[in-house]
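Enquirer: Dropping in upload21.cif, with mmCIF, C-alpha atoms and all ligand atoms.
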data_data
loop_
_atom_site.label_atom_id
_atom_site.label_comp_id
_atom_site.auth_asym_id
_atom_site.auth_seq_id
_atom_site.Cartn_x
_atom_site.Cartn_y
_atom_site.Cartn_z
CA MET G 28 12.29 -31.75 -7.47
CA ALA G 29 15.07 -29.24 -7.99
CA LYS G 30 16.90 -28.02 -4.89
CA ARG G 31 15.82 -24.46 -4.05
CA LYS G 32 18.51 -21.95 -3.24
CA ASN G 33 18.22 -19.62 -0.26
CA THR G 34 17.46 -16.14 -1.66
CA ALA G 35 16.98 -14.44 1.69
CA TYR G 36 20.62 -13.28 1.82
CA ILE G 37 22.45 -11.45 -0.95
CA SER G 38 26.17 -10.77 -0.59
CA GLY G 39 27.84 -7.63 -1.95
CA LYS G 40 29.31 -9.68 -4.78
CA ASP G 41 25.91 -11.16 -5.70
CA SER G 42 24.34 -7.74 -5.58
CA LYS G 43 26.93 -6.33 -7.99
CA ALA G 44 26.44 -9.26 -10.36
CA ILE G 45 22.64 -8.76 -10.29
CA SER G 46 23.00 -5.02 -11.05
CA ARG G 47 25.41 -5.75 -13.90
CA MET G 48 23.08 -8.29 -15.45
CA ASN G 49 20.03 -6.01 -15.02
CA ARG G 50 21.86 -3.15 -16.75
CA LYS G 51 22.91 -5.38 -19.64
CA ILE G 52 19.43 -6.78 -20.21
CA THR G 53 17.50 -3.53 -19.81
CA ARG G 54 19.91 -1.65 -22.11
CA LYS G 55 19.46 -4.30 -24.77
CA LEU G 56 15.67 -4.21 -24.44
CA GLU G 57 15.57 -0.40 -24.55
CA LYS G 58 17.74 -0.44 -27.68
CA GLU G 59 15.43 -2.94 -29.37
CA ARG G 60 12.49 -0.68 -28.53
CA ALA G 61 14.26 2.37 -29.96
CA ASP G 62 14.98 0.43 -33.18
CA ALA G 63 11.27 -0.35 -33.57
CA ASN G 64 10.78 3.40 -34.21
CA LYS G 65 12.45 2.99 -37.55
CA ASP G 66 10.51 0.08 -38.94
CA PRO G 67 6.71 -0.23 -38.64
CA LYS G 68 6.99 -3.92 -39.59
CA LEU G 69 8.30 -4.52 -36.08
CA TYR G 70 5.01 -3.49 -34.48
CA GLU G 71 2.37 -3.93 -37.18
CA THR G 72 0.61 -7.26 -36.97
CA THR G 73 -2.82 -8.90 -37.36
CA MET G 74 -5.36 -10.08 -34.81
CA LYS G 75 -5.94 -13.81 -34.44
CA ASP G 76 -9.65 -13.03 -34.20
CA PRO G 77 -10.89 -9.64 -35.52
CA ASN G 78 -13.78 -9.80 -33.03
CA ASN G 79 -11.36 -9.09 -30.19
CA VAL G 80 -10.29 -5.59 -29.15
CA VAL G 81 -7.14 -6.84 -27.41
CA GLU G 82 -5.33 -10.17 -27.38
CA PHE G 83 -2.68 -10.96 -24.77
CA ASP G 84 -0.52 -13.74 -26.14
CA ASN G 85 1.98 -15.32 -23.75
CA MET G 86 2.93 -11.91 -22.37
CA CYS G 87 5.77 -11.81 -19.84
CA THR G 88 6.49 -8.66 -17.81
CA TYR G 89 9.50 -8.76 -15.53
CA PHE G 90 11.03 -6.26 -13.10
CA PHE G 91 14.81 -6.19 -12.96
CA THR G 92 15.27 -5.28 -9.30
CA ASP G 93 18.30 -5.17 -6.98
CA ILE G 94 17.30 -8.46 -5.38
CA GLY G 95 16.77 -10.29 -8.65
CA VAL G 96 14.25 -10.64 -11.46
CA VAL G 97 10.60 -10.41 -10.35
CA LYS G 98 8.48 -12.33 -12.84
CA ALA G 99 5.40 -10.20 -12.12
CA VAL G 100 3.48 -11.56 -15.11
CA ASP G 101 4.73 -14.74 -16.69
CA GLY G 102 3.20 -16.05 -19.90
CA ILE G 103 -0.43 -14.95 -19.76
CA SER G 104 -2.85 -15.31 -22.69
CA PHE G 105 -6.42 -14.04 -22.82
CA ASN G 106 -8.68 -12.05 -25.12
CA ILE G 107 -10.94 -9.06 -24.63
CA PRO G 108 -13.80 -9.44 -27.10
CA LYS G 109 -15.59 -6.38 -28.57
CA CYS G 110 -18.32 -4.78 -26.43
CA SER G 111 -17.80 -7.09 -23.48
CA THR G 112 -16.57 -6.84 -19.90
CA VAL G 113 -13.65 -8.99 -18.85
CA GLY G 114 -13.04 -9.24 -15.11
CA VAL G 115 -9.46 -9.86 -13.95
CA VAL G 116 -9.41 -11.16 -10.36
CA GLY G 117 -6.78 -12.35 -7.95
CA GLU G 118 -5.29 -11.38 -4.62
CA SER G 119 -3.05 -8.36 -4.14
CA GLY G 120 0.33 -8.66 -5.90
CA CYS G 121 -0.75 -11.32 -8.42
CA GLY G 122 0.02 -9.09 -11.43
CA LYS G 123 -3.32 -7.51 -12.32
CA SER G 124 -2.10 -3.90 -12.44
CA VAL G 125 1.14 -4.90 -14.17
CA THR G 126 -0.99 -6.52 -16.90
CA SER G 127 -2.93 -3.30 -17.47
CA LEU G 128 0.16 -1.08 -17.24
CA SER G 129 1.88 -3.28 -19.86
CA LEU G 130 -1.10 -2.75 -22.15
CA MET G 131 -0.88 1.03 -21.70
CA GLN G 132 2.95 1.02 -21.90
CA LEU G 133 3.03 2.75 -18.54
CA LEU G 134 5.44 0.39 -16.81
CA GLN G 135 8.17 1.93 -14.72
CA ARG G 136 11.03 1.59 -17.23
CA PRO G 137 13.80 0.57 -17.50
CA THR G 138 13.21 -1.59 -14.36
CA GLY G 139 9.93 -2.98 -15.69
CA GLN G 140 9.98 -4.55 -19.14
CA VAL G 141 7.71 -6.66 -21.29
CA VAL G 142 10.25 -9.32 -22.22
CA GLY G 143 8.15 -11.74 -24.21
CA GLY G 144 4.92 -12.39 -26.06
CA GLU G 145 2.57 -9.98 -27.80
CA ILE G 146 -0.24 -7.61 -26.88
CA ARG G 147 -2.29 -7.09 -30.03
CA LEU G 148 -4.59 -4.07 -30.26
CA ASN G 149 -7.27 -4.13 -32.96
CA LEU G 150 -7.01 -0.95 -35.03
CA ASP G 151 -9.73 -1.10 -37.64
CA GLY G 152 -12.12 -3.81 -36.51
CA ALA G 153 -11.07 -5.94 -39.47
CA GLY G 154 -7.95 -7.44 -37.96
CA LYS G 155 -5.17 -4.89 -38.62
CA ALA G 156 -3.36 -4.62 -35.31
CA LEU G 157 -0.53 -3.06 -33.36
CA ASN G 158 1.76 -5.09 -31.16
CA ILE G 159 1.83 -2.78 -28.13
CA VAL G 160 5.02 -4.41 -26.85
CA ASN G 161 7.08 -2.85 -29.67
CA THR G 162 4.99 0.22 -30.43
CA PRO G 163 7.05 3.45 -30.27
CA THR G 164 6.21 5.91 -27.50
CA ALA G 165 5.04 8.63 -29.93
CA LYS G 166 2.49 6.27 -31.44
CA MET G 167 1.39 5.11 -28.00
CA GLN G 168 0.44 8.70 -27.18
CA GLU G 169 -2.23 8.54 -29.91
CA ILE G 170 -3.55 5.30 -28.40
CA ARG G 171 -3.71 6.26 -24.70
CA GLY G 172 -6.90 8.09 -23.80
CA ASN G 173 -8.12 7.70 -27.36
CA ARG G 174 -8.38 3.97 -28.10
CA ILE G 175 -7.65 2.68 -24.60
CA SER G 176 -8.32 4.71 -21.49
CA MET G 177 -7.90 3.99 -17.84
CA ILE G 178 -9.84 4.67 -14.65
CA PHE G 179 -7.38 4.50 -11.77
CA GLN G 180 -7.94 3.35 -8.22
CA GLU G 181 -7.37 6.70 -6.51
CA PRO G 182 -9.26 9.60 -8.14
CA MET G 183 -7.63 12.28 -5.96
CA THR G 184 -4.11 11.53 -7.13
CA SER G 185 -5.20 11.10 -10.75
CA LEU G 186 -6.77 14.56 -11.06
CA ASN G 187 -4.53 17.62 -11.10
CA PRO G 188 -5.37 19.68 -7.97
CA VAL G 189 -4.52 23.05 -9.55
CA PHE G 190 -6.74 22.85 -12.63
CA ARG G 191 -10.50 23.12 -12.85
CA ILE G 192 -12.47 19.95 -13.67
CA GLY G 193 -13.70 21.38 -16.98
CA ASP G 194 -10.17 22.17 -18.16
CA GLN G 195 -9.00 18.65 -17.34
CA VAL G 196 -11.77 16.98 -19.36
CA ASP G 197 -11.41 19.55 -22.18
CA GLU G 198 -7.69 18.83 -22.42
CA VAL G 199 -8.21 15.15 -23.26
CA ILE G 200 -10.84 15.91 -25.91
CA LYS G 201 -8.71 18.68 -27.46
CA LEU G 202 -5.56 16.57 -27.52
CA HIS G 203 -7.16 13.83 -29.58
CA ASN G 204 -9.45 16.12 -31.66
CA PRO G 205 -7.32 19.17 -32.50
CA GLU G 206 -9.78 20.27 -35.21
CA MET G 207 -12.66 20.77 -32.72
CA SER G 208 -13.56 24.35 -31.74
CA ASP G 209 -13.34 25.36 -28.05
CA GLU G 210 -17.11 25.68 -27.93
CA ASN G 211 -17.66 22.14 -29.24
CA VAL G 212 -15.06 20.79 -26.82
CA LYS G 213 -16.90 22.37 -23.89
CA THR G 214 -20.25 21.02 -25.14
CA ARG G 215 -18.76 17.54 -25.32
CA THR G 216 -17.27 17.86 -21.80
CA LEU G 217 -20.66 18.87 -20.41
CA GLU G 218 -22.26 15.92 -22.24
CA MET G 219 -19.73 13.58 -20.62
CA LEU G 220 -20.30 15.02 -17.14
CA GLU G 221 -24.03 14.51 -17.62
CA LEU G 222 -23.50 10.94 -18.86
CA VAL G 223 -21.70 10.01 -15.65
CA GLY G 224 -24.56 11.30 -13.52
CA ILE G 225 -23.30 14.75 -12.47
CA ALA G 226 -26.46 16.84 -12.13
CA ASN G 227 -24.83 20.25 -11.65
CA LYS G 228 -22.58 19.91 -14.71
CA GLU G 229 -22.08 23.66 -15.35
CA GLY G 230 -21.11 24.15 -11.68
CA VAL G 231 -18.77 21.16 -11.55
CA TYR G 232 -17.14 22.30 -14.82
CA LYS G 233 -15.77 25.34 -12.94
CA MET G 234 -14.81 23.52 -9.72
CA TYR G 235 -11.41 22.30 -8.50
CA PRO G 236 -10.96 18.60 -7.51
CA HIS G 237 -10.82 19.39 -3.76
CA GLU G 238 -14.35 20.80 -3.94
CA LEU G 239 -15.74 17.41 -4.93
CA SER G 240 -16.38 14.25 -2.89
CA GLY G 241 -14.52 10.99 -3.64
CA GLY G 242 -17.48 9.56 -5.55
CA MET G 243 -17.86 12.73 -7.67
CA ARG G 244 -14.13 12.71 -8.47
CA GLN G 245 -14.36 9.11 -9.60
CA ARG G 246 -17.31 10.11 -11.83
CA VAL G 247 -15.11 12.83 -13.35
CA MET G 248 -12.35 10.24 -13.92
CA ILE G 249 -14.89 8.04 -15.71
CA ALA G 250 -15.99 11.05 -17.82
CA ILE G 251 -12.35 11.63 -18.82
CA ALA G 252 -11.97 7.94 -19.69
CA LEU G 253 -15.08 8.04 -21.88
CA ALA G 254 -14.34 11.39 -23.50
CA CYS G 255 -12.84 10.04 -26.73
CA LYS G 256 -15.11 6.99 -27.06
CA PRO G 257 -12.30 4.46 -26.58
CA GLY G 258 -12.63 0.85 -27.74
CA LEU G 259 -11.41 -0.33 -24.35
CA ILE G 260 -11.69 1.13 -20.85
CA ILE G 261 -9.44 -0.30 -18.15
CA ALA G 262 -10.91 0.09 -14.68
CA ASP G 263 -8.21 -0.82 -12.14
CA GLU G 264 -9.93 -1.35 -8.77
CA PRO G 265 -12.27 1.58 -9.57
CA THR G 266 -14.13 1.37 -6.27
CA THR G 267 -11.45 0.26 -3.79
CA ALA G 268 -10.67 3.78 -2.54
CA LEU G 269 -14.35 4.68 -2.05
CA ASP G 270 -16.65 3.99 0.87
CA VAL G 271 -19.24 1.23 0.53
CA THR G 272 -22.34 3.24 -0.44
CA ILE G 273 -20.38 5.21 -3.04
CA GLN G 274 -18.85 1.95 -4.33
CA ALA G 275 -22.34 0.70 -5.13
CA GLN G 276 -23.21 3.95 -6.95
CA ILE G 277 -20.05 3.84 -9.09
CA LEU G 278 -20.65 0.18 -9.94
CA ASP G 279 -24.24 1.00 -10.94
CA LEU G 280 -22.88 3.79 -13.11
CA LEU G 281 -20.36 1.47 -14.82
CA ARG G 282 -23.06 -1.16 -15.37
CA ASP G 283 -25.38 1.43 -16.84
CA LEU G 284 -22.65 2.88 -19.09
CA LYS G 285 -21.70 -0.59 -20.29
CA ASP G 286 -25.01 -0.75 -22.15
CA LYS G 287 -24.82 2.82 -23.45
CA ILE G 288 -21.31 2.85 -24.90
CA ASN G 289 -19.86 0.47 -27.44
CA SER G 290 -16.64 -0.12 -25.51
CA SER G 291 -15.16 -3.16 -23.85
CA ILE G 292 -14.22 -2.93 -20.19
CA MET G 293 -11.26 -4.64 -18.52
CA LEU G 294 -12.35 -4.65 -14.90
CA ILE G 295 -9.53 -5.33 -12.48
CA THR G 296 -10.49 -6.17 -8.91
CA HIS G 297 -9.77 -8.40 -5.94
CA ASP G 298 -13.51 -8.44 -5.20
CA LEU G 299 -15.38 -11.39 -6.71
CA GLY G 300 -18.72 -9.72 -5.96
CA VAL G 301 -17.88 -6.81 -8.28
CA VAL G 302 -16.94 -9.18 -11.09
CA ALA G 303 -20.03 -11.36 -10.60
CA SER G 304 -22.35 -8.44 -11.15
CA MET G 305 -20.60 -7.01 -14.20
CA ALA G 306 -18.32 -9.32 -16.15
CA ASP G 307 -19.11 -11.45 -19.19
CA TYR G 308 -15.75 -13.22 -18.98
CA VAL G 309 -13.49 -13.80 -15.98
CA VAL G 310 -9.73 -14.33 -15.78
CA VAL G 311 -8.38 -15.58 -12.43
CA MET G 312 -4.71 -14.76 -11.78
CA TYR G 313 -2.37 -16.24 -9.21
CA ALA G 314 1.31 -15.31 -8.74
CA GLY G 315 1.66 -13.79 -12.22
CA ARG G 316 -0.12 -16.55 -14.12
CA ILE G 317 -3.67 -17.27 -15.20
CA VAL G 318 -4.98 -20.27 -13.31
CA GLU G 319 -8.50 -20.30 -14.72
CA LYS G 320 -10.49 -18.38 -17.34
CA GLY G 321 -13.96 -18.66 -18.81
CA THR G 322 -17.35 -17.02 -19.01
CA ALA G 323 -18.78 -15.60 -15.76
CA GLN G 324 -21.16 -18.59 -15.78
CA ASP G 325 -18.20 -21.04 -15.99
CA ILE G 326 -16.29 -19.40 -13.15
CA PHE G 327 -19.16 -18.75 -10.76
CA HIS G 328 -21.21 -21.92 -11.35
CA ASN G 329 -18.41 -24.37 -12.01
CA PRO G 330 -15.18 -23.09 -10.43
CA CYS G 331 -12.52 -25.75 -11.04
CA HIS G 332 -9.11 -24.49 -9.89
CA PRO G 333 -8.57 -24.97 -6.14
CA TYR G 334 -7.56 -21.29 -5.89
CA THR G 335 -10.83 -20.11 -7.49
CA ILE G 336 -12.76 -22.49 -5.25
CA GLY G 337 -10.88 -21.04 -2.23
CA LEU G 338 -11.71 -17.47 -3.32
CA MET G 339 -15.40 -18.39 -3.60
CA LYS G 340 -15.40 -20.03 -0.19
CA SER G 341 -13.76 -17.01 1.43
CA LYS G 342 -16.60 -14.70 0.39
CA PRO G 343 -19.35 -14.01 2.93
CA VAL G 344 -22.82 -15.05 1.75
CA VAL G 345 -25.87 -13.07 2.87
CA GLY G 346 -28.14 -15.24 5.04
CA LYS G 347 -25.54 -17.98 5.59
CA LYS G 348 -24.27 -18.30 9.16
CA VAL G 349 -20.67 -19.41 9.63
CA GLU G 350 -18.37 -19.51 12.67
CA ALA G 351 -15.40 -18.10 10.77
CA LEU G 352 -14.89 -17.25 7.11
CA TYR G 353 -12.66 -19.62 5.14
CA ASN G 354 -9.19 -18.35 4.37
CA ILE G 355 -6.71 -19.94 1.97
CA PRO G 356 -3.81 -21.25 4.10
CA GLY G 357 -0.17 -20.30 3.43
CA ASN G 358 1.45 -17.56 1.35
CA VAL G 359 2.21 -16.73 -2.28
CA PRO G 360 5.69 -18.04 -3.30
CA ASN G 361 8.68 -15.68 -3.34
CA PRO G 362 8.40 -13.76 -6.64
CA VAL G 363 12.17 -13.79 -7.30
CA ASP G 364 12.41 -17.55 -6.86
CA MET G 365 9.30 -19.20 -8.19
CA PRO G 366 9.08 -22.99 -7.85
CA ASP G 367 9.23 -25.28 -10.88
CA TYR G 368 5.99 -27.01 -9.87
CA CYS G 369 2.42 -25.67 -9.51
CA TYR G 370 2.70 -22.26 -7.79
CA PHE G 371 -0.36 -23.05 -5.70
CA ARG G 372 0.83 -26.48 -4.53
CA ASP G 373 2.11 -25.40 -1.11
CA ARG G 374 -1.36 -24.02 -0.30
CA CYS G 375 -3.47 -26.58 -2.13
CA GLU G 376 -5.75 -28.94 -0.25
CA MET G 377 -6.60 -30.98 -3.36
CA GLN G 378 -3.13 -31.90 -4.60
CA CYS G 379 -2.51 -35.30 -6.13
CA ASP G 380 0.59 -37.31 -7.19
CA ARG G 381 0.79 -35.56 -10.54
CA CYS G 382 1.22 -32.19 -8.80
CA LYS G 383 4.75 -33.24 -7.77
CA GLY G 384 5.81 -32.75 -11.41
CA ASP G 385 6.06 -29.63 -13.60
CA TYR G 386 3.85 -26.56 -13.58
CA PRO G 387 0.44 -27.69 -14.93
CA PRO G 388 -0.50 -26.94 -18.56
CA GLU G 389 -3.61 -25.04 -19.68
CA ILE G 390 -6.43 -27.54 -20.08
CA LYS G 391 -9.57 -26.77 -22.04
CA ILE G 392 -12.49 -28.38 -20.24
CA SER G 393 -15.27 -26.81 -22.35
CA ASP G 394 -15.43 -24.48 -25.38
CA THR G 395 -15.09 -21.46 -23.13
CA HIS G 396 -13.51 -22.79 -19.92
CA VAL G 397 -9.74 -23.26 -19.43
CA VAL G 398 -8.00 -24.30 -16.20
CA SER G 399 -4.34 -24.84 -15.24
CA CYS G 400 -4.52 -27.76 -12.85
CA TRP G 401 -3.25 -31.35 -13.05
CA ARG G 402 -6.55 -32.67 -11.66
CA PHE G 403 -8.16 -32.04 -15.07
CA HIS G 404 -5.41 -33.55 -17.18
CA ASP G 405 -7.49 -36.51 -18.32
CA GLU G 406 -10.71 -34.56 -18.67
CA GLY G 407 -9.92 -32.02 -21.34
CA GLU G 408 -7.68 -30.97 -24.21
CA VAL G 409 -4.17 -29.92 -23.20
CA LEU G 410 -3.49 -26.52 -24.81
CA GLY G 411 0.13 -26.09 -23.72
CA PHE G 412 2.32 -24.67 -20.99
CA PRO G 413 2.71 -20.93 -20.27
CA LYS G 414 5.85 -19.69 -22.06
CA SER G 415 8.13 -18.27 -19.41
CA LYS G 416 11.39 -16.51 -20.40
CA ASN G 417 14.70 -17.72 -19.17
CA VAL G 418 16.61 -14.68 -17.89
CA GLU G 419 19.91 -15.93 -19.42
CA GLU G 420 18.12 -16.00 -22.81
CA LEU G 421 17.62 -12.25 -22.55
CA LEU G 422 21.30 -11.42 -22.21
N1 LIG Z 501 7.90 -1.06 -9.91
C1 LIG Z 501 8.03 -2.31 -9.46
N2 LIG Z 501 9.24 -2.81 -9.11
C2 LIG Z 501 9.38 -4.09 -8.69
N3 LIG Z 501 8.36 -4.97 -8.59
C3 LIG Z 501 7.13 -4.53 -8.91
C4 LIG Z 501 6.90 -3.18 -9.37
N4 LIG Z 501 5.57 -3.04 -9.61
C5 LIG Z 501 5.01 -4.24 -9.34
N5 LIG Z 501 5.94 -5.13 -8.92
C6 LIG Z 501 5.71 -6.53 -8.52
O1 LIG Z 501 4.82 -7.10 -9.44
C7 LIG Z 501 3.91 -7.96 -8.78
C8 LIG Z 501 2.52 -7.65 -9.24
O2 LIG Z 501 2.13 -6.36 -8.85
P1 LIG Z 501 0.72 -5.73 -9.23
O3 LIG Z 501 0.40 -6.01 -10.66
O4 LIG Z 501 0.77 -4.30 -8.84
O5 LIG Z 501 -0.29 -6.52 -8.30
P2 LIG Z 501 -1.87 -6.40 -8.20
O6 LIG Z 501 -2.40 -7.70 -8.69
O7 LIG Z 501 -2.16 -6.20 -6.75
O8 LIG Z 501 -2.31 -5.24 -9.03
C9 LIG Z 501 4.11 -7.76 -7.29
O9 LIG Z 501 4.77 -8.92 -6.80
C10 LIG Z 501 5.02 -6.59 -7.18
O10 LIG Z 501 5.97 -6.80 -6.17
S1 LIG Z 502 -2.07 -28.69 -10.01
FE1 LIG Z 502 -2.26 -29.81 -8.09
S2 LIG Z 502 -1.32 -28.49 -6.56
FE2 LIG Z 502 -1.78 -27.24 -8.36
S3 LIG Z 502 -3.79 -26.42 -7.99
FE3 LIG Z 502 -4.11 -28.29 -9.16
S4 LIG Z 502 -4.42 -29.86 -7.60
FE4 LIG Z 502 -3.53 -28.12 -6.55
MG MG Z 503 -3.21 -3.40 -8.46
#
Output the file's structure in the form of structure tokens.
Expert:
Amino acid sequence: MAKRKNTAYISGKDSKAISRMNRKITRKLEKERADANKDPKLYETTMKDPNNVVEFDNMCTYFFTDIGVVKAVDGISFNIPKCSTVGVVGESGCGKSVTSLSLMQLLQRPTGQVVGGEIRLNLDGAGKALNIVNTPTAKMQEIRGNRISMIFQEPMTSLNPVFRIGDQVDEVIKLHNPEMSDENVKTRTLEMLELVGIANKEGVYKMYPHELSGGMRQRVMIAIALACKPGLIIADEPTTALDVTIQAQILDLLRDLKDKINSSIMLITHDLGVVASMADYVVVMYAGRIVEKGTAQDIFHNPCHPYTIGLMKSKPVVGKKVEALYNIPGNVPNPVDMPDYCYFRDRCEMQCDRCKGDYPPEIKISDTHVVSCWRFHDEGEVLGFPKSKNVEELL
């Protein structure tokens, strides 16, 4: 095992060296992105499977911070098939939001950068795709809200407090459909408000955000997300900021909409219960990597990774009496100095001799079920290791 250096203390000299390196790398990456504006070949690509809306392929998103490089997402690959719901679960800080922000190109640049891999977005249903990583900002503006839209965690901060609800929904529709008359835009807005279960749609159209409750505001956010019939809706912890009864109503609404609209949903949450009731596929993330992925059936009926098993055990079950709920011991490793072995090893109660070696590869244990854990090495097909980027390579 490699000797780990102590990263708790950074001298003035180290700090200067880190800043210098960060500047060099981020400038280079920004320049490459600017060059992509000139040549569509740099961002036009094809889907591996035209039945997917989005394919993440070994995507790495790093933050170049003053204390070093945070590998927030490090070599993740998963697909979002058409008309399906993919749940992304994992504890706070594991990289769920960074994954969705990378897909929307909303990372805080230049600190945050997608440094490797591809994010392919299906454009025509037949396989013609855009690689979001290199797509110029102007083109991204046509994609956001139109092909991919997002429902954020906190509806109050996502709505503009000084504009009426109607104007805010109208704006999105008008932006992406400039040929539509004002009357048609308003009709569509009212349709959307009705679709998300707002009974007094004419009244709400004229209201300001502060006049609505948290649940109503989140309904408006969902209406905005649906306004242009996007192929993919990202819901990042859509119910976390709401109280429990409203959470249930919003989840019912999303479940109901799922059958009415022909969009896929990427549902990001730390709550396994939410995923169990909605998702067709589940991706479990831990410390910036995917540790297990499969259909909801695979993950909930046959969880294989010790982390997934721990998450299941730590959920309360109605009717089951326990002294204390299980909690996974230990902490997530330091993000600026990840170990070279399994990231979960220091917390894992099932480790074996093999776990002393490298980070485990992705192992396919059924047609739909993939797990990154040495315990399954002899039971399935080894697909390969996640492709991390060496920071020196980026210089
Ligand atoms: N702007 C930023 N600057 C530095 N690090 C960041 C930034 N945003 C996110 N991170 C880091 O990325 C990791 C993943 O964050 P995030 O995706 O927001 O987690 P979550 O799974 O809770 O949504 C965290 O370790 C966090 O510290
Ligand atoms: S590879 Fe080993 S240490 Fe890592 S999760 Fe699997 S059993 Fe635990
Ligand atoms: Mg988050």
Enquirer: Around ligand LIG 501 (chain Z), out to 6 Å and counting only C-alpha atoms and all ligand atoms, which residues are there? I want them as number ranges by chain.
Expert: G: 90, 99, 119-125, 135
Enquirer: Counting only C-alpha atoms and all ligand atoms, what are the residues, protein, DNA or RNA alike, that approach ligand LIG 502 (chain Z) to within 8 Å? I want them as a list in words.
Expert: His332, Pro333, Tyr334, Tyr368, Cys369, Tyr370, Phe371, Arg372, Asp373, Arg374, Cys375, Glu376, Met377, Gln378, Cys379, Arg381, Cys382, Lys383, Tyr386, Pro387, Ser399, Cys400, Trp401 and Arg402 of chain G
Enquirer: Taking all atoms listed in the file into account, name the residue in G:Met207, G:Gly172, G:Pro188, G:Thr162 that is nearest to Tyr70 in chain G.
Expert: G:Thr162
Enquirer: What do you get as a PDB file with C-alpha atoms, in the coordinates of the input if you pick all residues at most 12 Å from ligand MG 503 (chain Z), counting only C-alpha atoms and all ligand atoms?
Expert:
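Resulting contents of part_24.pdb:
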ATOM      1  CA  ALA G  99       5.400 -10.200 -12.120  1.00  0.00           C
ATOM      2  CA  VAL G 115      -9.460  -9.860 -13.950  1.00  0.00           C
ATOM      3  CA  VAL G 116      -9.410 -11.160 -10.360  1.00  0.00           C
ATOM      4  CA  GLY G 117      -6.780 -12.350  -7.950  1.00  0.00           C
ATOM      5  CA  GLU G 118      -5.290 -11.380  -4.620  1.00  0.00           C
ATOM      6  CA  SER G 119      -3.050  -8.360  -4.140  1.00  0.00           C
ATOM      7  CA  GLY G 120       0.330  -8.660  -5.900  1.00  0.00           C
ATOM      8  CA  CYS G 121      -0.750 -11.320  -8.420  1.00  0.00           C
ATOM      9  CA  GLY G 122       0.020  -9.090 -11.430  1.00  0.00           C
ATOM     10  CA  LYS G 123      -3.320  -7.510 -12.320  1.00  0.00           C
ATOM     11  CA  SER G 124      -2.100  -3.900 -12.440  1.00  0.00           C
ATOM     12  CA  VAL G 125       1.140  -4.900 -14.170  1.00  0.00           C
ATOM     13  CA  THR G 126      -0.990  -6.520 -16.900  1.00  0.00           C
ATOM     14  CA  SER G 127      -2.930  -3.300 -17.470  1.00  0.00           C
ATOM     15  CA  LEU G 128       0.160  -1.080 -17.240  1.00  0.00           C
ATOM     16  CA  PHE G 179      -7.380   4.500 -11.770  1.00  0.00           C
ATOM     17  CA  GLN G 180      -7.940   3.350  -8.220  1.00  0.00           C
ATOM     18  CA  GLU G 181      -7.370   6.700  -6.510  1.00  0.00           C
ATOM     19  CA  ILE G 261      -9.440  -0.300 -18.150  1.00  0.00           C
ATOM     20  CA  ALA G 262     -10.910   0.090 -14.680  1.00  0.00           C
ATOM     21  CA  ASP G 263      -8.210  -0.820 -12.140  1.00  0.00           C
ATOM     22  CA  GLU G 264      -9.930  -1.350  -8.770  1.00  0.00           C
ATOM     23  CA  PRO G 265     -12.270   1.580  -9.570  1.00  0.00           C
ATOM     24  CA  THR G 267     -11.450   0.260  -3.790  1.00  0.00           C
ATOM     25  CA  ALA G 268     -10.670   3.780  -2.540  1.00  0.00           C
ATOM     26  CA  LEU G 294     -12.350  -4.650 -14.900  1.00  0.00           C
ATOM     27  CA  ILE G 295      -9.530  -5.330 -12.480  1.00  0.00           C
ATOM     28  CA  THR G 296     -10.490  -6.170  -8.910  1.00  0.00           C
ATOM     29  CA  HIS G 297      -9.770  -8.400  -5.940  1.00  0.00           C
ATOM     30  CA  ASP G 298     -13.510  -8.440  -5.200  1.00  0.00           C
ATOM     31  CA  MET G 312      -4.710 -14.760 -11.780  1.00  0.00           C
TER      32      MET G 312
END
Enquirer: Taking only C-alpha atoms into account, which of G:Asp194, G:Val97, G:Asp84, G:Gly102 comes nearest Arg147 in chain G?
Expert: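 Ranked by minimum distance to Arg147 in chain G, first place goes to G:Asp84.
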Enquirer: Given the choices G:Ile225, G:Val311, G:Ala252, G:Leu284, which gets closest to Arg171 in chain G if the distance is worked out from all atoms listed in the file?
Expert: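 Of G:Ile225, G:Val311, G:Ala252, G:Leu284, the one nearest Arg171 in chain G, counting all atoms listed in the file, is G:Ala252.
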Enquirer: Emit a file covering range 111-116 of chain G of the preceding structure with N, CA and C atoms, as an mmCIF file, in the first residue's frame.
Expert:
data_model
loop_
_atom_site.group_PDB
_atom_site.id
_atom_site.type_symbol
_atom_site.label_atom_id
_atom_site.label_comp_id
_atom_site.auth_asym_id
_atom_site.auth_seq_id
_atom_site.Cartn_x
_atom_site.Cartn_y
_atom_site.Cartn_z
ATOM 1 N N SER G 111 -37.811 6.579 -19.077
ATOM 2 C CA SER G 111 -37.651 5.815 -17.832
ATOM 3 C C SER G 111 -37.129 6.732 -16.726
ATOM 4 N N THR G 112 -37.253 6.262 -15.492
ATOM 5 C CA THR G 112 -36.768 7.049 -14.360
ATOM 6 C C THR G 112 -35.530 6.386 -13.798
ATOM 7 N N VAL G 113 -34.463 7.157 -13.718
ATOM 8 C CA VAL G 113 -33.216 6.637 -13.155
ATOM 9 C C VAL G 113 -32.979 7.345 -11.820
ATOM 10 N N GLY G 114 -32.901 6.588 -10.750
ATOM 11 C CA GLY G 114 -32.651 7.165 -9.437
ATOM 12 C C GLY G 114 -31.155 7.181 -9.159
ATOM 13 N N VAL G 115 -30.636 8.342 -8.731
ATOM 14 C CA VAL G 115 -29.221 8.413 -8.341
ATOM 15 C C VAL G 115 -29.193 8.624 -6.825
ATOM 16 N N VAL G 116 -28.667 7.639 -6.090
ATOM 17 C CA VAL G 116 -28.671 7.736 -4.622
ATOM 18 C C VAL G 116 -27.256 7.699 -4.053
#
